[in-house]
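The structure file query_13.csv is reproduced below (CSV, C-alpha atoms).
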```csv
chain,number,residue,atom,x,y,z
R,1,MET,CA,0.0,0.0,0.0
R,2,SER,CA,1.0,3.7,-0.3
R,3,ARG,CA,2.1,5.7,2.7
R,4,GLN,CA,-1.2,7.5,3.0
R,5,LYS,CA,-2.7,7.5,6.5
R,6,ARG,CA,-5.8,5.4,6.6
R,7,ILE,CA,-8.7,5.3,9.2
R,8,ARG,CA,-6.9,2.7,11.3
R,9,ASP,CA,-3.9,5.0,11.7
R,10,TYR,CA,-6.3,7.3,13.7
R,11,GLY,CA,-7.1,4.5,16.1
R,12,VAL,CA,-10.4,3.6,14.5
R,13,LYS,CA,-11.0,-0.2,14.2
R,14,VAL,CA,-13.9,-1.1,12.1
R,15,GLY,CA,-15.7,-4.3,12.9
R,16,GLU,CA,-14.5,-7.6,14.3
R,17,MET,CA,-13.0,-9.5,11.4
R,18,LYS,CA,-9.4,-9.7,10.4
R,19,THR,CA,-8.3,-7.7,7.3
R,20,GLY,CA,-6.4,-9.0,4.4
R,21,GLN,CA,-2.6,-8.3,4.1
R,22,ASN,CA,-3.1,-4.9,2.4
R,23,ASN,CA,-6.6,-4.3,3.6
R,24,ALA,CA,-7.6,-3.7,0.0
R,25,ILE,CA,-9.7,-5.3,-2.8
R,26,THR,CA,-6.4,-6.5,-4.3
R,27,ASP,CA,-6.0,-8.9,-1.4
R,28,VAL,CA,-8.2,-11.1,-3.6
R,29,ASN,CA,-5.6,-12.9,-5.7
R,30,GLY,CA,-5.4,-11.6,-9.3
R,31,VAL,CA,-7.3,-8.3,-8.8
R,32,THR,CA,-5.5,-5.1,-9.6
R,33,VAL,CA,-6.4,-1.4,-9.7
R,34,GLY,CA,-5.1,1.5,-11.8
R,35,HIS,CA,-5.7,5.2,-11.7
R,36,VAL,CA,-5.3,8.2,-14.0
R,37,THR,CA,-5.7,11.5,-12.2
R,38,LEU,CA,-6.4,14.8,-14.1
R,39,SER,CA,-5.7,17.9,-12.0
R,40,ASP,CA,-5.3,21.4,-13.5
R,41,GLY,CA,-7.6,24.3,-12.5
R,42,ASP,CA,-11.1,23.5,-13.5
R,43,LYS,CA,-10.0,20.0,-14.6
R,44,GLN,CA,-10.4,17.8,-11.5
R,45,THR,CA,-11.4,14.3,-12.6
R,46,GLY,CA,-10.0,11.0,-13.6
R,47,VAL,CA,-10.4,7.3,-14.2
R,48,THR,CA,-10.1,4.2,-12.0
R,49,ALA,CA,-9.9,0.7,-13.6
R,50,ILE,CA,-10.3,-2.7,-11.9
R,51,LEU,CA,-9.0,-5.8,-13.5
R,52,PRO,CA,-10.8,-8.8,-12.0
R,53,HIS,CA,-8.1,-11.3,-13.0
R,54,GLN,CA,-4.9,-11.2,-15.0
R,55,GLY,CA,-6.1,-13.4,-17.9
R,56,ASN,CA,-8.5,-12.7,-20.7
R,57,THR,CA,-11.7,-11.8,-18.9
R,58,PHE,CA,-13.8,-12.2,-22.1
R,59,LYS,CA,-12.5,-15.8,-22.7
R,60,GLU,CA,-12.6,-16.6,-18.9
R,61,LYS,CA,-15.7,-14.9,-17.5
R,62,LEU,CA,-16.4,-14.7,-13.8
R,63,ILE,CA,-19.6,-15.2,-11.8
R,64,ALA,CA,-21.0,-11.8,-11.1
R,65,SER,CA,-24.0,-9.9,-9.9
R,66,SER,CA,-25.2,-6.3,-9.4
R,67,HIS,CA,-27.5,-4.7,-6.9
R,68,ILE,CA,-29.1,-1.3,-7.0
R,69,ILE,CA,-29.7,0.2,-3.6
R,70,ASN,CA,-31.0,3.5,-5.2
R,71,GLY,CA,-31.0,3.7,-9.0
R,72,PHE,CA,-30.1,7.4,-9.6
R,73,GLY,CA,-27.2,6.5,-11.9
R,74,LYS,CA,-26.0,6.0,-15.4
R,75,SER,CA,-24.0,2.8,-15.2
R,76,VAL,CA,-23.5,0.6,-18.2
R,77,GLY,CA,-23.6,-3.2,-18.4
R,78,THR,CA,-25.6,-4.1,-15.4
R,79,ILE,CA,-28.6,-5.5,-17.4
R,80,GLN,CA,-26.5,-8.3,-18.9
R,81,ILE,CA,-24.9,-9.1,-15.6
R,82,THR,CA,-28.3,-9.5,-14.1
R,83,GLU,CA,-29.4,-11.7,-17.0
R,84,LEU,CA,-26.4,-13.9,-17.4
R,85,GLY,CA,-24.7,-13.6,-14.1
R,86,THR,CA,-21.2,-13.2,-15.5
R,87,LEU,CA,-18.5,-10.5,-15.9
R,88,GLU,CA,-16.5,-10.4,-19.1
R,89,THR,CA,-14.6,-7.1,-19.0
R,90,PRO,CA,-12.6,-5.0,-16.7
R,91,ILE,CA,-14.6,-2.4,-14.6
R,92,VAL,CA,-14.0,1.3,-15.2
R,93,LEU,CA,-15.1,4.2,-12.9
R,94,THR,CA,-15.2,7.8,-14.1
R,95,ASN,CA,-17.4,10.9,-14.1
R,96,THR,CA,-21.0,10.9,-15.4
R,97,LEU,CA,-20.4,12.6,-18.7
R,98,SER,CA,-17.4,10.4,-19.5
R,99,ILE,CA,-19.4,7.2,-19.5
R,100,GLY,CA,-19.5,7.1,-23.3
R,101,THR,CA,-15.8,7.6,-23.7
R,102,ALA,CA,-15.1,4.9,-21.2
R,103,VAL,CA,-17.3,2.4,-22.9
R,104,ASP,CA,-15.6,3.1,-26.2
R,105,ALA,CA,-12.2,2.6,-24.6
R,106,VAL,CA,-13.2,-0.7,-23.0
R,107,PHE,CA,-14.5,-1.8,-26.4
R,108,ASP,CA,-11.0,-1.1,-27.8
R,109,TYR,CA,-9.3,-2.8,-25.0
R,110,VAL,CA,-11.3,-6.0,-25.3
R,111,LEU,CA,-11.5,-6.1,-29.1
R,112,GLN,CA,-7.7,-5.9,-29.4
R,113,ARG,CA,-7.4,-9.0,-27.3
R,114,ASN,CA,-10.3,-10.9,-28.9
R,115,PRO,CA,-10.3,-10.7,-32.8
R,116,GLU,CA,-13.2,-13.1,-33.0
R,117,ILE,CA,-15.7,-10.6,-31.4
R,118,GLY,CA,-18.1,-9.4,-34.0
R,119,ARG,CA,-16.8,-12.0,-36.5
R,120,THR,CA,-17.2,-15.6,-35.3
R,121,THR,CA,-18.7,-14.8,-31.9
R,122,GLY,CA,-21.1,-12.1,-30.4
R,123,THR,CA,-20.3,-8.8,-29.0
R,124,VAL,CA,-19.1,-7.8,-25.5
R,125,ASN,CA,-20.6,-6.2,-22.4
R,126,PRO,CA,-18.5,-3.4,-20.9
R,127,ILE,CA,-18.9,-2.4,-17.3
R,128,VAL,CA,-18.6,1.3,-16.6
R,129,CYS,CA,-19.9,3.2,-13.5
R,130,GLU,CA,-20.0,6.9,-12.7
R,131,CYS,CA,-20.4,9.6,-10.1
R,132,ASN,CA,-21.0,13.3,-10.7
R,133,ASP,CA,-18.0,15.5,-9.9
R,134,MET,CA,-19.4,18.8,-11.3
R,135,MET,CA,-18.8,20.8,-8.1
R,136,LEU,CA,-15.0,20.6,-8.4
R,137,ASN,CA,-14.7,19.6,-12.0
R,138,ASP,CA,-15.8,21.3,-15.2
R,139,ILE,CA,-17.7,18.1,-16.2
R,140,ARG,CA,-19.1,19.7,-19.4
R,141,SER,CA,-15.6,20.0,-20.8
R,142,ARG,CA,-15.3,16.1,-20.8
R,143,PHE,CA,-11.6,16.1,-20.1
R,144,VAL,CA,-11.3,12.3,-19.9
R,145,THR,CA,-10.2,10.7,-23.2
R,146,LYS,CA,-9.9,7.1,-24.4
R,147,GLU,CA,-6.2,7.3,-23.9
R,148,HIS,CA,-6.7,8.1,-20.2
R,149,ILE,CA,-9.0,5.1,-19.9
R,150,LEU,CA,-6.5,2.8,-21.6
R,151,GLU,CA,-3.7,4.1,-19.6
R,152,ALA,CA,-5.5,3.2,-16.4
R,153,LEU,CA,-6.3,-0.3,-17.8
R,154,HIS,CA,-2.7,-0.9,-18.8
R,155,ASN,CA,-1.1,0.3,-15.5
R,156,THR,CA,-2.9,-1.5,-12.8
R,157,SER,CA,-1.3,-2.7,-9.6
R,158,SER,CA,-1.9,-4.6,-6.4
R,159,LYS,CA,-1.0,-1.4,-4.5
R,160,VAL,CA,-4.1,0.8,-4.3
R,161,GLU,CA,-3.8,4.5,-3.9
R,162,GLU,CA,-6.8,6.1,-2.1
R,163,GLY,CA,-8.4,9.5,-1.7
R,164,SER,CA,-8.4,12.3,-4.3
R,165,VAL,CA,-7.1,10.1,-7.1
R,166,GLY,CA,-8.4,8.6,-10.3
R,167,ALA,CA,-12.2,8.7,-10.6
R,168,GLY,CA,-12.2,10.1,-7.1
R,169,ARG,CA,-10.4,13.3,-7.9
R,170,GLY,CA,-13.4,15.6,-8.0
R,171,MET,CA,-15.8,13.7,-5.7
R,172,LEU,CA,-17.3,14.9,-2.4
R,173,CYS,CA,-18.4,12.7,0.5
R,174,TYR,CA,-20.4,13.9,3.5
R,175,SER,CA,-19.8,17.5,2.2
R,176,LEU,CA,-16.1,16.9,2.6
R,177,LYS,CA,-13.6,15.7,0.1
R,178,GLY,CA,-14.3,12.2,-0.9
R,179,GLY,CA,-12.8,9.8,-3.5
R,180,VAL,CA,-11.5,6.2,-3.7
R,181,GLY,CA,-11.3,3.9,-0.7
R,182,THR,CA,-10.7,0.2,-0.2
R,183,SER,CA,-10.7,-2.5,2.5
R,184,SER,CA,-10.9,-6.3,2.8
R,185,ARG,CA,-11.8,-9.1,5.3
R,186,GLU,CA,-10.6,-12.6,5.6
R,187,MET,CA,-13.3,-15.3,6.0
R,188,GLU,CA,-12.3,-18.5,7.8
R,189,MET,CA,-14.5,-21.5,7.0
R,190,GLN,CA,-14.2,-25.3,7.5
R,191,HIS,CA,-13.3,-25.8,3.9
R,192,GLY,CA,-10.8,-22.9,3.5
R,193,LYS,CA,-9.8,-19.3,4.0
R,194,TYR,CA,-11.3,-16.7,1.6
R,195,THR,CA,-11.1,-12.9,1.1
R,196,MET,CA,-13.8,-10.3,0.6
R,197,GLY,CA,-12.5,-7.1,-1.0
R,198,VAL,CA,-14.3,-3.8,-1.5
R,199,LEU,CA,-13.4,-0.7,-3.5
R,200,VAL,CA,-15.7,2.4,-3.3
R,201,LEU,CA,-16.0,5.7,-5.2
R,202,THR,CA,-17.7,8.0,-2.7
R,203,ASN,CA,-19.7,11.1,-3.7
R,204,PHE,CA,-22.6,11.1,-1.3
R,205,GLY,CA,-23.9,12.3,2.1
R,206,SER,CA,-24.4,15.4,4.2
R,207,LEU,CA,-21.9,16.5,6.8
R,208,GLY,CA,-24.2,16.2,9.8
R,209,ASP,CA,-24.8,12.5,9.1
R,210,LEU,CA,-21.1,11.5,9.1
R,211,THR,CA,-20.6,8.7,11.7
R,212,ILE,CA,-17.3,7.1,12.6
R,213,GLY,CA,-17.2,4.2,15.0
R,214,GLY,CA,-20.7,5.1,16.2
R,215,LYS,CA,-19.7,8.8,16.9
R,216,ARG,CA,-21.5,11.6,15.2
R,217,ILE,CA,-18.3,13.2,13.9
R,218,GLY,CA,-20.1,15.2,11.3
R,219,LYS,CA,-22.2,17.0,14.0
R,220,GLU,CA,-19.0,17.6,16.0
R,221,ILE,CA,-17.3,19.2,12.9
R,222,GLU,CA,-20.3,21.4,12.2
R,223,LYS,CA,-20.3,22.6,15.8
R,224,ALA,CA,-16.6,23.3,15.8
R,225,LEU,CA,-16.7,25.2,12.5
R,226,ARG,CA,-19.7,27.2,13.7
R,227,GLU,CA,-21.0,27.1,10.2
R,228,THR,CA,-22.1,24.4,7.9
R,229,VAL,CA,-20.5,23.1,4.7
R,230,LYS,CA,-23.6,21.0,4.2
R,231,GLU,CA,-24.5,20.2,0.6
R,232,GLU,CA,-27.8,18.7,-0.5
R,233,ASP,CA,-27.1,15.0,-1.0
R,234,LYS,CA,-27.4,14.4,-4.8
R,235,GLY,CA,-24.2,12.4,-5.2
R,236,SER,CA,-23.6,8.6,-5.5
R,237,ILE,CA,-21.5,5.8,-4.4
R,238,ILE,CA,-20.2,3.0,-6.5
R,239,ILE,CA,-19.2,-0.2,-4.6
R,240,ILE,CA,-17.1,-2.8,-6.4
R,241,VAL,CA,-16.8,-6.1,-4.6
R,242,GLY,CA,-14.3,-8.8,-5.4
R,243,THR,CA,-14.0,-12.2,-3.6
R,244,ASP,CA,-12.5,-15.6,-4.1
R,245,LEU,CA,-15.4,-17.2,-2.2
R,246,PRO,CA,-17.1,-20.0,-4.2
R,247,VAL,CA,-20.6,-18.7,-4.7
R,248,SER,CA,-23.4,-18.9,-7.2
R,249,GLU,CA,-24.8,-15.7,-8.8
R,250,ARG,CA,-27.8,-15.9,-6.5
R,251,GLN,CA,-25.6,-16.2,-3.4
R,252,LEU,CA,-23.3,-13.3,-4.6
R,253,ASN,CA,-26.4,-11.1,-5.1
R,254,ARG,CA,-27.5,-11.8,-1.5
R,255,ILE,CA,-24.0,-10.8,-0.3
R,256,LEU,CA,-24.0,-7.6,-2.3
R,257,LYS,CA,-27.2,-6.5,-0.7
R,258,ARG,CA,-25.5,-6.4,2.7
R,259,THR,CA,-23.2,-3.6,1.6
R,260,VAL,CA,-26.0,-1.3,2.8
R,261,THR,CA,-25.2,-2.3,6.4
R,262,GLY,CA,-21.7,-0.9,6.2
R,263,LEU,CA,-22.8,2.1,4.2
R,264,SER,CA,-25.5,3.0,6.8
R,265,ARG,CA,-23.0,2.8,9.7
R,266,THR,CA,-21.1,5.7,8.1
R,267,GLY,CA,-24.3,7.7,8.3
R,268,SER,CA,-25.9,7.4,4.9
R,269,ILE,CA,-29.7,7.6,4.6
R,270,ILE,CA,-29.6,6.9,0.9
R,271,THR,CA,-31.4,9.9,-0.4
R,272,THR,CA,-33.5,10.1,-3.5
R,273,GLY,CA,-30.9,11.9,-5.6
R,274,SER,CA,-28.0,9.6,-4.7
R,275,GLY,CA,-27.2,6.6,-6.8
R,276,GLU,CA,-25.9,3.6,-4.9
R,277,VAL,CA,-24.7,0.9,-7.3
R,278,VAL,CA,-23.0,-2.4,-6.2
R,279,ILE,CA,-21.2,-4.7,-8.7
R,280,GLY,CA,-19.5,-7.8,-7.5
R,281,PHE,CA,-17.6,-10.8,-8.9
R,282,SER,CA,-16.1,-14.1,-7.6
R,283,THR,CA,-12.7,-15.3,-8.9
R,284,ALA,CA,-13.4,-18.8,-7.6
R,285,THR,CA,-14.7,-20.1,-10.9
R,286,LYS,CA,-13.8,-19.1,-14.5
R,287,ILE,CA,-16.6,-19.7,-17.0
R,288,PRO,CA,-15.3,-20.4,-20.5
R,289,HIS,CA,-16.6,-18.3,-23.3
R,290,ASP,CA,-16.3,-21.2,-25.8
R,291,ASN,CA,-18.6,-24.1,-25.2
R,292,PRO,CA,-16.5,-26.9,-23.8
R,293,GLY,CA,-19.0,-29.6,-24.8
R,294,LYS,CA,-19.5,-30.7,-21.2
R,295,CYS,CA,-21.2,-29.3,-18.1
R,296,THR,CA,-19.4,-26.6,-16.2
R,297,THR,CA,-18.9,-27.3,-12.5
R,298,VAL,CA,-19.4,-24.4,-10.2
R,299,PRO,CA,-18.6,-25.0,-6.5
R,300,ILE,CA,-20.6,-23.0,-4.0
R,301,ILE,CA,-20.6,-22.6,-0.3
R,302,HIS,CA,-23.4,-24.0,1.9
R,303,GLU,CA,-26.1,-21.5,2.7
R,304,GLU,CA,-25.3,-21.8,6.4
R,305,ASP,CA,-21.8,-20.4,5.7
R,306,ILE,CA,-23.0,-17.2,4.2
R,307,ASP,CA,-23.4,-15.1,7.3
R,308,ILE,CA,-19.7,-14.8,7.5
R,309,ALA,CA,-19.7,-13.2,4.1
R,310,PHE,CA,-22.6,-10.9,5.1
R,311,ARG,CA,-20.5,-9.6,8.1
R,312,ALA,CA,-17.3,-9.3,5.9
R,313,ILE,CA,-18.9,-7.2,3.2
R,314,GLY,CA,-20.5,-4.9,5.7
R,315,GLU,CA,-17.3,-4.3,7.6
R,316,ALA,CA,-15.2,-3.8,4.4
R,317,THR,CA,-17.7,-1.4,2.9
R,318,GLU,CA,-17.8,0.7,6.0
R,319,GLU,CA,-14.0,0.9,6.3
R,320,ALA,CA,-13.6,1.5,2.5
R,321,VAL,CA,-15.9,4.6,2.8
R,322,LEU,CA,-13.9,5.9,5.8
R,323,ASN,CA,-10.6,5.3,4.0
R,324,SER,CA,-11.8,7.3,1.1
R,325,LEU,CA,-12.6,10.2,3.4
R,326,ILE,CA,-9.5,10.2,5.6
R,327,SER,CA,-7.1,9.7,2.6
R,328,ALA,CA,-8.6,12.5,0.5
R,329,SER,CA,-6.7,15.8,0.2
R,330,LYS,CA,-8.3,19.2,-0.2
R,331,ILE,CA,-8.4,20.5,-3.7
R,332,THR,CA,-9.6,23.7,-5.3
R,333,GLY,CA,-11.4,23.2,-8.6
R,334,ARG,CA,-14.1,24.7,-10.9
R,335,ASN,CA,-14.8,28.4,-10.3
R,336,GLY,CA,-12.6,28.2,-7.1
R,337,ASN,CA,-14.9,25.6,-5.5
R,338,GLY,CA,-13.4,23.5,-2.8
R,339,ARG,CA,-14.3,21.3,0.2
R,340,PRO,CA,-12.3,20.6,3.4
R,341,ALA,CA,-10.5,17.3,3.8
R,342,LEU,CA,-11.3,15.2,6.9
R,343,LYS,CA,-7.7,14.7,7.8
R,344,ASP,CA,-7.1,18.5,7.8
R,345,LEU,CA,-10.1,19.1,10.0
R,346,VAL,CA,-9.1,16.3,12.4
R,347,GLU,CA,-5.8,18.1,12.9
R,348,GLU,CA,-7.0,21.7,12.9
R,349,LEU,CA,-10.0,21.1,15.3
R,350,ASN,CA,-8.2,18.5,17.4
R,351,ILE,CA,-10.9,15.9,16.8
R,352,ASP,CA,-10.5,12.5,18.3
R,353,LEU,CA,-12.0,9.9,15.9
R,354,LYS,CA,-11.7,7.0,18.3
```

Would you kindly transcribe this structure into structure tokens?
Amino acid sequence: MSRQKRIRDYGVKVGEMKTGQNNAITDVNGVTVGHVTLSDGDKQTGVTAILPHQGNTFKEKLIASSHIINGFGKSVGTIQITELGTLETPIVLTNTLSIGTAVDAVFDYVLQRNPEIGRTTGTVNPIVCECNDMMLNDIRSRFVTKEHILEALHNTSSKVEEGSVGAGRGMLCYSLKGGVGTSSREMEMQHGKYTMGVLVLTNFGSLGDLTIGGKRIGKEIEKALRETVKEEDKGSIIIIVGTDLPVSERQLNRILKRTVTGLSRTGSIITTGSGEVVIGFSTATKIPHDNPGKCTTVPIIHEEDIDIAFRAIGEATEEAVLNSLISASKITGRNGNGRPALKDLVEELNIDLK
């Protein structure tokens, strides 16, 4: 991991379960993350790319599912995931008006690796998700290009930078600076040890609702500032879940629904104008694109094991959100707009997060 301070560096321990080695989505073997950050005056935006495994995702698909907590969003690809239960491309996160550019870049990325697409086989289902960064970024200028998307896809790593980077550059969270955060949990079962990883793009919430470890930190900040930086909550959060737990698409969908437990513990009330989109995949089974001429065997956990996964995803989601906040740095963007960073307020106001 980078040297950024994370929420645990402030004495805040989230949940009961053990984290993975890096406390990141990349603790799931084969998962890597890449960012391209664009920062220059009114240009405060970027791209975050997640590779679900290091092979050809189109040829070796993964069991996947999506869950919409509140559907105020413009994500691409969730319909086919719901219908077929598989993921066949990397996942790209960016700002709302760069969705089309990102889709086009993912097409290029996958077509280059699979010359049979559109010739001897069908087409491909790109997965692209967004949040609106218009407060800090001149979103109408559409600064993100195909080259930026491809750069992020070509330069992924197991080390995940958090905060005001990549797609998170211009995002706000609880009226403070938000961005990218990640966390993971290990799951011990009789048949093995597995990992649940979460990466979030946070752009939601009002300051007074911010809760850390059960403490109403947002109210404390408002009181200390003697004025509010409260913004009406019309943002979003994208939650990407990766795991090596052997599950069916139905079981994975049940697990994804429990992200809301972690989200709500940070204070979110999931307002009408905020889009909460969850997309998850399991690396435990690779589904061949080409018909092997025999049945495909998919191992799955017993239903009585699933509560461990429910707890893991809630804890990892909560901590990923808090990491996105505490790792973010203050920036000044479009028309001089800016928002404070939580880490600066903690120091300036002498706030104890524990």

Using all atoms listed in the file, which residues sit within 12 Å of range 52-55 of chain R once same-chain residues fewer than 6 positions away are excluded, as a PDB file with C-alpha atoms, in the coordinates of the input?
```pdb
ATOM      1  CA  ILE R  25      -9.700  -5.300  -2.800  1.00  0.00           C
ATOM      2  CA  THR R  26      -6.400  -6.500  -4.300  1.00  0.00           C
ATOM      3  CA  ASP R  27      -6.000  -8.900  -1.400  1.00  0.00           C
ATOM      4  CA  VAL R  28      -8.200 -11.100  -3.600  1.00  0.00           C
ATOM      5  CA  ASN R  29      -5.600 -12.900  -5.700  1.00  0.00           C
ATOM      6  CA  GLY R  30      -5.400 -11.600  -9.300  1.00  0.00           C
ATOM      7  CA  VAL R  31      -7.300  -8.300  -8.800  1.00  0.00           C
ATOM      8  CA  THR R  32      -5.500  -5.100  -9.600  1.00  0.00           C
ATOM      9  CA  VAL R  33      -6.400  -1.400  -9.700  1.00  0.00           C
ATOM     10  CA  GLY R  34      -5.100   1.500 -11.800  1.00  0.00           C
ATOM     11  CA  LYS R  61     -15.700 -14.900 -17.500  1.00  0.00           C
ATOM     12  CA  LEU R  62     -16.400 -14.700 -13.800  1.00  0.00           C
ATOM     13  CA  ILE R  63     -19.600 -15.200 -11.800  1.00  0.00           C
ATOM     14  CA  ALA R  64     -21.000 -11.800 -11.100  1.00  0.00           C
ATOM     15  CA  THR R  86     -21.200 -13.200 -15.500  1.00  0.00           C
ATOM     16  CA  LEU R  87     -18.500 -10.500 -15.900  1.00  0.00           C
ATOM     17  CA  GLU R  88     -16.500 -10.400 -19.100  1.00  0.00           C
ATOM     18  CA  THR R  89     -14.600  -7.100 -19.000  1.00  0.00           C
ATOM     19  CA  PRO R  90     -12.600  -5.000 -16.700  1.00  0.00           C
ATOM     20  CA  ILE R  91     -14.600  -2.400 -14.600  1.00  0.00           C
ATOM     21  CA  VAL R  92     -14.000   1.300 -15.200  1.00  0.00           C
ATOM     22  CA  VAL R 110     -11.300  -6.000 -25.300  1.00  0.00           C
ATOM     23  CA  ARG R 113      -7.400  -9.000 -27.300  1.00  0.00           C
ATOM     24  CA  ILE R 127     -18.900  -2.400 -17.300  1.00  0.00           C
ATOM     25  CA  LEU R 153      -6.300  -0.300 -17.800  1.00  0.00           C
ATOM     26  CA  HIS R 154      -2.700  -0.900 -18.800  1.00  0.00           C
ATOM     27  CA  THR R 156      -2.900  -1.500 -12.800  1.00  0.00           C
ATOM     28  CA  SER R 157      -1.300  -2.700  -9.600  1.00  0.00           C
ATOM     29  CA  SER R 158      -1.900  -4.600  -6.400  1.00  0.00           C
ATOM     30  CA  GLY R 197     -12.500  -7.100  -1.000  1.00  0.00           C
ATOM     31  CA  ILE R 240     -17.100  -2.800  -6.400  1.00  0.00           C
ATOM     32  CA  VAL R 241     -16.800  -6.100  -4.600  1.00  0.00           C
ATOM     33  CA  GLY R 242     -14.300  -8.800  -5.400  1.00  0.00           C
ATOM     34  CA  THR R 243     -14.000 -12.200  -3.600  1.00  0.00           C
ATOM     35  CA  ASP R 244     -12.500 -15.600  -4.100  1.00  0.00           C
ATOM     36  CA  ILE R 279     -21.200  -4.700  -8.700  1.00  0.00           C
ATOM     37  CA  GLY R 280     -19.500  -7.800  -7.500  1.00  0.00           C
ATOM     38  CA  PHE R 281     -17.600 -10.800  -8.900  1.00  0.00           C
ATOM     39  CA  SER R 282     -16.100 -14.100  -7.600  1.00  0.00           C
ATOM     40  CA  THR R 283     -12.700 -15.300  -8.900  1.00  0.00           C
ATOM     41  CA  ALA R 284     -13.400 -18.800  -7.600  1.00  0.00           C
ATOM     42  CA  THR R 285     -14.700 -20.100 -10.900  1.00  0.00           C
ATOM     43  CA  LYS R 286     -13.800 -19.100 -14.500  1.00  0.00           C
ATOM     44  CA  PRO R 288     -15.300 -20.400 -20.500  1.00  0.00           C
TER      45      PRO R 288
END
```

_Just the number, please: distance in Å from CA of Leu263 in chain R to CA of Thr317 in chain R, one decimal._
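Calculated distance between CA of Leu263 in chain R and CA of Thr317 in chain R is 6.3 Å.
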
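Closest approach to Arg185 in chain R from the set R:Asn137, R:Gln4, R:Asn22, R:Asn125 is made by R:Asn22, with distances taken over only C-alpha atoms.
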
**Message:** Between R:Val165, R:Arg250, R:Ser264, R:Ile255, which residue has the minimum interatomic distance to Leu84 in chain R, considering only C-alpha atoms?
**Reply:**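 Checking each of R:Val165, R:Arg250, R:Ser264, R:Ile255 against Leu84 in chain R, counting only C-alpha atoms, the winner is R:Arg250.
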
Contacts between range 44-48 of chain R and range 180-250 of chain R, please, where a residue of range 180-250 of chain R counts if it comes within 12 Å (with only C-alpha atoms); show its shortest atom pair and distance in Å to one decimal, rows by chain and ascending number, as a tab-separated table.
```
residue	atom	partner	partner_atom	distance
R:Val180	CA	R:Thr48	CA	8.7
R:Gly181	CA	R:Thr48	CA	11.4
R:Leu199	CA	R:Thr48	CA	10.4
R:Val200	CA	R:Thr48	CA	10.5
R:Leu201	CA	R:Thr48	CA	9.1
R:Ile238	CA	R:Thr48	CA	11.6
R:Ile240	CA	R:Thr48	CA	11.4
```

Which residue out of R:Val128, R:Leu136, R:Val106, R:Ile221 has the minimum interatomic distance to Gly77 in chain R when all atoms listed in the file are used?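 Result for the nearest residue to Gly77 in chain R: R:Val128.
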
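Shown here are all protein and nucleic acid residues lying within 9 Å of (-24.3, 12.5, -18.2), with only C-alpha atoms considered: Lys74, Asn95, Thr96, Leu97, Ser98, Ile99, Gly100, Glu130, Asn132, Ile139 and Arg140 of chain R.
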
Exercise. Identify, on the basis of only C-alpha atoms, every residue whose closest approach to Gly338 in chain R does not exceed 12 Å; exclude the query and any residue fewer than 6 positions from it along the same chain; express the result as number ranges by chain.
Key: R: 41-42, 44, 133-137, 169-172, 175-178, 229, 329-332

Check: Contacts of range 293-301 of chain R at 8 Å or less, counting only C-alpha atoms, minus same-chain residues fewer than 3 places along, as a PyMOL selection string?
Finding: chain R and resi 245-248+285+287+305-306

Worksheet item: Which residue, R:Arg265, R:His302, R:Lys5, R:Arg334, has the smallest gap to Ala316 in chain R when you use only C-alpha atoms?
Response: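 Using only C-alpha atoms, Ala316 in chain R sits closest to R:Arg265.
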
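Proximity to Tyr174 in chain R was assessed for R:Glu348, R:Glu16, R:Asp290, R:Glu222 counting only C-alpha atoms; the smallest distance is recorded for R:Glu222.
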
From the list R:Thr272, R:Ile237, R:Gly262, R:Met187, the nearest residue to Asp307 in chain R using all atoms listed in the file is R:Met187

From CA of Ala341 in chain R to CA of Lys219 in chain R the spacing works out at 15.5 Å

Contact residues around Val12 in chain R with only C-alpha atoms at 8 Å, ignoring same-chain residues under 5 positions, as an NGL selection string = :R and (7 or 212-213 or 353-354)

Since fewer atoms than expected are present, regenerate N, CA and C atoms for range 324-331 of chain R and write them as a short mmCIF file (atom, residue, chain, number, x, y, z; two decimals), keeping the file's coordinate frame.
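rebuild.cif was written with the following content:
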```cif
data_model
loop_
_atom_site.label_atom_id
_atom_site.label_comp_id
_atom_site.auth_asym_id
_atom_site.auth_seq_id
_atom_site.Cartn_x
_atom_site.Cartn_y
_atom_site.Cartn_z
N SER R 324 -11.73 6.34 2.15
CA SER R 324 -11.80 7.30 1.10
C SER R 324 -11.88 8.74 1.60
N LEU R 325 -12.49 8.91 2.75
CA LEU R 325 -12.60 10.20 3.40
C LEU R 325 -11.27 10.67 4.00
N ILE R 326 -10.68 9.82 4.83
CA ILE R 326 -9.50 10.20 5.60
C ILE R 326 -8.26 10.31 4.71
N SER R 327 -8.26 9.63 3.56
CA SER R 327 -7.10 9.70 2.60
C SER R 327 -7.20 10.84 1.66
N ALA R 328 -8.36 11.44 1.54
CA ALA R 328 -8.60 12.50 0.50
C ALA R 328 -7.85 13.79 0.95
N SER R 329 -7.39 14.51 -0.05
CA SER R 329 -6.70 15.80 0.20
C SER R 329 -7.62 16.93 -0.39
N LYS R 330 -7.56 18.07 0.27
CA LYS R 330 -8.30 19.20 -0.20
C LYS R 330 -7.83 19.68 -1.55
N ILE R 331 -8.76 19.97 -2.44
CA ILE R 331 -8.40 20.50 -3.70
C ILE R 331 -9.31 21.71 -4.03
#
```
